[in-house]
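Inspection log for the structure reproduced underneath, given as structure tokens.
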Amino acid sequence: MSDLDFDLFVIGAGSGGVRAARMAAGFGARVAIAEDRYLGGTCVNVGCVPKKLYVYASEYGKGFDDAREFGWQSTVEGFDWHTLRDNKKNEIARLNAVYRNMLRGVEATLIDGRARIINANTVAVGDDHYTAARILIATGGWPSVPDIPGREHALTSNEIFDLEEFPERLVVVGGGYIAVEFAGIFNGLGSKVTQLYRGPMFLRGFDADIRAHAAQEIRKTGVDLRFETNVEAIETTAGGYRLLLNDGSFLEADAVLYATGRKPHLEGLGLENVNVELTAHGTIAVDEHFRTTEHSIFALGDVIGGMELTPVALAEGMAFARHEFGDPKVPVDYDFIPTAVFCQPNIGTVGFTEEQAELEFGEITLYKADFRPMKHTITGRDERTFMKLIVDDATDRVVGVHMMGPDAGEIIQGIAIALKAGATKATFDGTIGIHPTAAEEFVTMREPWGED
């Protein structure tokens with residue numbers, strides 16, 4: 001199909017789209033990529049990167065307090081929101097330029113604007129039309145706010161990073177990664193934070209012990225965490241906002257952040273013009289090679305409803321490009337994908353939860369540890385680290401590892417390699433730990449939980 005303008009037209013320059021475009025161009029394909037908002041997608045601009053920078057900022061207050069117990073007699077004047085916000089903007093602008101240069105480096109054509117599918121091989125951006133042998137949809141997700149009175153007053157993760165003024169009172173609605181992380185960020189920066197979740201326990205999908213431990217530890221930090229609580233309406237007041245809750249009570253706030261989920265960003269994409277089927281959940285249906293029900297159109301990342309994680313989208317972009325334009329054709333392996341929640345302290349997890357493991361393997365053995373981090377034996381801070389190993393009795397393989405504590409994300413990344421390689425409990429037991437570290441606890445847990 002050399003008479004077409006491009007071999008591949010990518011819609012969306014986020015993590016998955018850019019990786020697919022770069023890889024395909026590297027294999028010799030003629031590639032175009034269109035983006036109407038910002039290069040790097042959610043992760044770089046309003047997700048992983050700025051979030052982690054804000055997490056760092058939020059931990060300094062506790063660090064200054066703890067330092068005094070170690071002999072550092074310093075005075076802290078206070079936190080300046082505008083300095084953090086503007087320094088973050090500068091870093092994101094630098095990363096946007098990096099993405100632009102990466103695409104230029106492989107001679108991909110970058111088109112600014114929202115792309116719209118006209119037919120199976122044609123895409124329009126504004127008044128311009130482009131033809132391509134393959135079209136890849138990688139537009140990611142978009143925050144979703146429920147239809148309640150006053151919803152127009154709610155912020156989402158798209159806006160929360162760049163507020164003009166720091167909210168002294170913040171209400172966070174939701175119970176997933178984003179809600180938990182932002183509650184911790186603004187609490188650490190000095191805001192009075194109330195987090196509301198409609199269910200009986202937040203962090204759905206995580207191990208039950210981790211969820212319970214997280215609720216305990218997050219409350220200790222000062223977040224007013226309320227379960228089985230929802231907002232019925234948001235009203236404006238002279239000083240901010242007034243929230244009507246489902247129990248009939250009211251809550252005052254300077255800002256309201258809704259982190260109640262994300263939906264595939266498919267609006268205005270022109271899917272009605274082609275034979276692309278959606279699932280019951282509103283995601284794009286694809287096969288194992290990311291092909292939709294329209295033979296020339298593909299999709300990957302958050303729009304297909306898998307694990308909504310940047311490294312997953314990157315892996316999918318690479319697998320797609322290899323399958324369509326290069327070699328070897330290596331499929332994405334979705335087993336034992338680690339993840340972290342950057343709350344205070346962090347959560348890191350990989351593999352099966354206890355409930356999942358029982359269903360999958362039947363007989364399992366649990367190993368648990370709950371202790372005060374060594375640092376806090378001096379600070380006196382009431383913080384507990386929790387660790388858990390789940391072992392399949394039939395094979396002795398460790399099939400789940402869960403942790404909440406300082407540097408949990410960093411620790412679990414290494415543990416994930418072991419699980420991916422099939423490490424057994426005997427392997428863990430035979431590994432000499434690094435002392436003194438929290439991580440060594442994973443190789444020194446000898447007694448199964450529940451046994452004397």
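Labels used: A, B, ... for chains in the order of the structure tokens, numbers from 1 for residues in each chain, and numbers from 1 for ligands as shown.
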
Extract, using only C-alpha atoms, all DNA, RNA and protein residues at most 10 Å from A:Ala285, discarding same-chain residues fewer than 2 positions from it, and format them as an mmCIF file with N, CA, C and O atoms, in the first residue's frame.
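result-v1.cif was written with the following content:
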data_model
loop_
_atom_site.group_PDB
_atom_site.id
_atom_site.type_symbol
_atom_site.label_atom_id
_atom_site.label_comp_id
_atom_site.auth_asym_id
_atom_site.auth_seq_id
_atom_site.Cartn_x
_atom_site.Cartn_y
_atom_site.Cartn_z
ATOM 1 N N VAL A 276 -15.308 -0.641 14.353
ATOM 2 C CA VAL A 276 -14.553 -0.874 15.584
ATOM 3 C C VAL A 276 -15.541 -1.124 16.707
ATOM 4 O O VAL A 276 -16.317 -0.244 17.071
ATOM 5 N N GLU A 277 -15.521 -2.332 17.249
ATOM 6 C CA GLU A 277 -16.455 -2.695 18.306
ATOM 7 C C GLU A 277 -15.923 -2.310 19.677
ATOM 8 O O GLU A 277 -14.717 -2.357 19.924
ATOM 9 N N LEU A 278 -16.850 -1.943 20.556
ATOM 10 C CA LEU A 278 -16.517 -1.642 21.937
ATOM 11 C C LEU A 278 -17.004 -2.775 22.838
ATOM 12 O O LEU A 278 -17.963 -3.476 22.511
ATOM 13 N N THR A 279 -16.353 -2.933 23.977
ATOM 14 C CA THR A 279 -16.793 -3.921 24.952
ATOM 15 C C THR A 279 -17.941 -3.350 25.777
ATOM 16 O O THR A 279 -18.302 -2.176 25.649
ATOM 17 N N ALA A 280 -18.494 -4.182 26.645
ATOM 18 C CA ALA A 280 -19.581 -3.720 27.517
ATOM 19 C C ALA A 280 -19.113 -2.626 28.460
ATOM 20 O O ALA A 280 -19.930 -1.865 28.992
ATOM 21 N N HIS A 281 -17.798 -2.522 28.666
ATOM 22 C CA HIS A 281 -17.243 -1.515 29.571
ATOM 23 C C HIS A 281 -16.865 -0.226 28.843
ATOM 24 O O HIS A 281 -16.304 0.685 29.457
ATOM 25 N N GLY A 282 -17.136 -0.177 27.539
ATOM 26 C CA GLY A 282 -16.827 1.020 26.785
ATOM 27 C C GLY A 282 -15.396 1.120 26.300
ATOM 28 O O GLY A 282 -14.974 2.166 25.800
ATOM 29 N N THR A 283 -14.639 0.037 26.438
ATOM 30 C CA THR A 283 -13.270 0.006 25.931
ATOM 31 C C THR A 283 -13.265 -0.602 24.527
ATOM 32 O O THR A 283 -14.245 -1.225 24.102
ATOM 33 N N ASP A 287 -7.714 -8.022 19.586
ATOM 34 C CA ASP A 287 -7.205 -9.386 19.730
ATOM 35 C C ASP A 287 -5.837 -9.335 20.390
ATOM 36 O O ASP A 287 -5.394 -8.287 20.875
ATOM 37 N N PHE A 290 -3.553 -6.588 19.247
ATOM 38 C CA PHE A 290 -4.100 -5.233 19.355
ATOM 39 C C PHE A 290 -4.879 -4.792 18.114
ATOM 40 O O PHE A 290 -5.136 -3.607 17.938
ATOM 41 N N ARG A 291 -5.308 -5.750 17.308
ATOM 42 C CA ARG A 291 -6.128 -5.429 16.141
ATOM 43 C C ARG A 291 -7.599 -5.359 16.556
ATOM 44 O O ARG A 291 -8.082 -6.220 17.296
ATOM 45 N N THR A 292 -8.297 -4.344 16.097
ATOM 46 C CA THR A 292 -9.727 -4.207 16.372
ATOM 47 C C THR A 292 -10.513 -5.029 15.363
ATOM 48 O O THR A 292 -9.946 -5.725 14.518
ATOM 49 N N THR A 293 -11.822 -4.909 15.424
ATOM 50 C CA THR A 293 -12.673 -5.610 14.464
ATOM 51 C C THR A 293 -12.629 -4.965 13.082
ATOM 52 O O THR A 293 -13.173 -5.526 12.130
ATOM 53 N N PHE A 298 -5.949 -0.500 14.939
ATOM 54 C CA PHE A 298 -5.435 -1.134 16.143
ATOM 55 C C PHE A 298 -5.637 -0.198 17.336
ATOM 56 O O PHE A 298 -5.883 0.994 17.172
ATOM 57 N N ALA A 299 -5.509 -0.751 18.533
ATOM 58 C CA ALA A 299 -5.632 0.073 19.736
ATOM 59 C C ALA A 299 -4.822 -0.565 20.855
ATOM 60 O O ALA A 299 -4.686 -1.797 20.924
ATOM 61 N N LEU A 300 -4.283 0.276 21.743
ATOM 62 C CA LEU A 300 -3.530 -0.232 22.888
ATOM 63 C C LEU A 300 -3.541 0.798 24.011
ATOM 64 O O LEU A 300 -4.007 1.919 23.864
ATOM 65 N N VAL A 303 -7.118 2.581 26.492
ATOM 66 C CA VAL A 303 -8.382 2.486 25.742
ATOM 67 C C VAL A 303 -8.867 1.057 25.581
ATOM 68 O O VAL A 303 -10.022 0.839 25.205
ATOM 69 N N ILE A 304 -8.017 0.053 25.864
ATOM 70 C CA ILE A 304 -8.456 -1.337 25.679
ATOM 71 C C ILE A 304 -8.830 -2.011 26.992
ATOM 72 O O ILE A 304 -9.185 -3.197 27.003
ATOM 73 N N GLY A 305 -8.716 -1.281 28.104
ATOM 74 C CA GLY A 305 -9.266 -1.790 29.356
ATOM 75 C C GLY A 305 -8.430 -2.777 30.130
ATOM 76 O O GLY A 305 -8.952 -3.504 30.972
#

Backbone DSSP call of helix (DSSP H, G or I) for stretch 326-362 of chain A, listed as number ranges by chain: A: 354-361

Nearest-residue call for A:Arg446, choices A:Arg204, A:Lys388, A:Lys420, A:His213, using only C-alpha atoms: A:Lys388

Counting only C-alpha atoms, what are the residues of stretch 145-175 of chain A within 6 Å of stretch 227-238 of chain A, and for each of them which pair of atoms is the nearest and at what distance in Å, to one decimal? Sort the table by chain and rising number, as a tab-separated table.
residue	atom	partner	partner_atom	distance
A:Ile148	CA	A:Ala233	CA	5.8
A:Pro149	CA	A:Ala233	CA	4.9
A:Gly150	CA	A:Ile234	CA	4.6

Sel. of strand (DSSP E) residues, stretch 38-152 of chain A, as a list in words: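 Strand (DSSP E) assignments inside stretch 38-152 of chain A correspond to Thr109, Leu110, Ile111, Asp112, Ala115, Arg116, Ile117, Ile118, Asn119, Thr122, Val123, Ala124, Val125, Asp128, His129, Tyr130, Thr131, Ala132, Ala133, Arg134, Ile135, Leu136, Ile137, Gly141, Trp142 and Pro143 of chain A.
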
Interatomic distance (Å, one decimal) between atom CA of A:Glu91 and atom CA of A:Arg114: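 Separation of atom CA of A:Glu91 and atom CA of A:Arg114: 24.6 Å.
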
Test item: residues at most 6 Å from A:Ala29, only C-alpha atoms, excluding those fewer than 3 positions along its chain, as a PyMOL selection string: chain A and resi 7+24-25

For the residues in that selection, give me N, CA, C and O atoms as a short mmCIF file (atom, residue, chain, number, x, y, z; two decimals), in the first residue's frame.
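And here's again.cif as it stands now:
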data_model
loop_
_atom_site.label_atom_id
_atom_site.label_comp_id
_atom_site.auth_asym_id
_atom_site.auth_seq_id
_atom_site.Cartn_x
_atom_site.Cartn_y
_atom_site.Cartn_z
N ASP A 7 2.64 4.35 6.46
CA ASP A 7 2.43 2.95 6.83
C ASP A 7 1.66 2.85 8.14
O ASP A 7 0.91 1.90 8.37
N ALA A 24 8.14 1.55 15.33
CA ALA A 24 7.75 1.29 13.94
C ALA A 24 8.65 2.06 12.98
O ALA A 24 9.10 1.53 11.95
N ALA A 25 8.93 3.32 13.30
CA ALA A 25 9.82 4.11 12.45
C ALA A 25 11.22 3.51 12.43
O ALA A 25 11.90 3.51 11.39
#

Atom pair atom CA of A:Val341 / atom CA of A:Gly176: separation (Å):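 It comes out at 9.1 Å.
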
Computed interatomic separation between atom CA of A:Thr310 and atom CA of A:Ser58 (Å):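 Between these atoms lies a distance of 22.8 Å.
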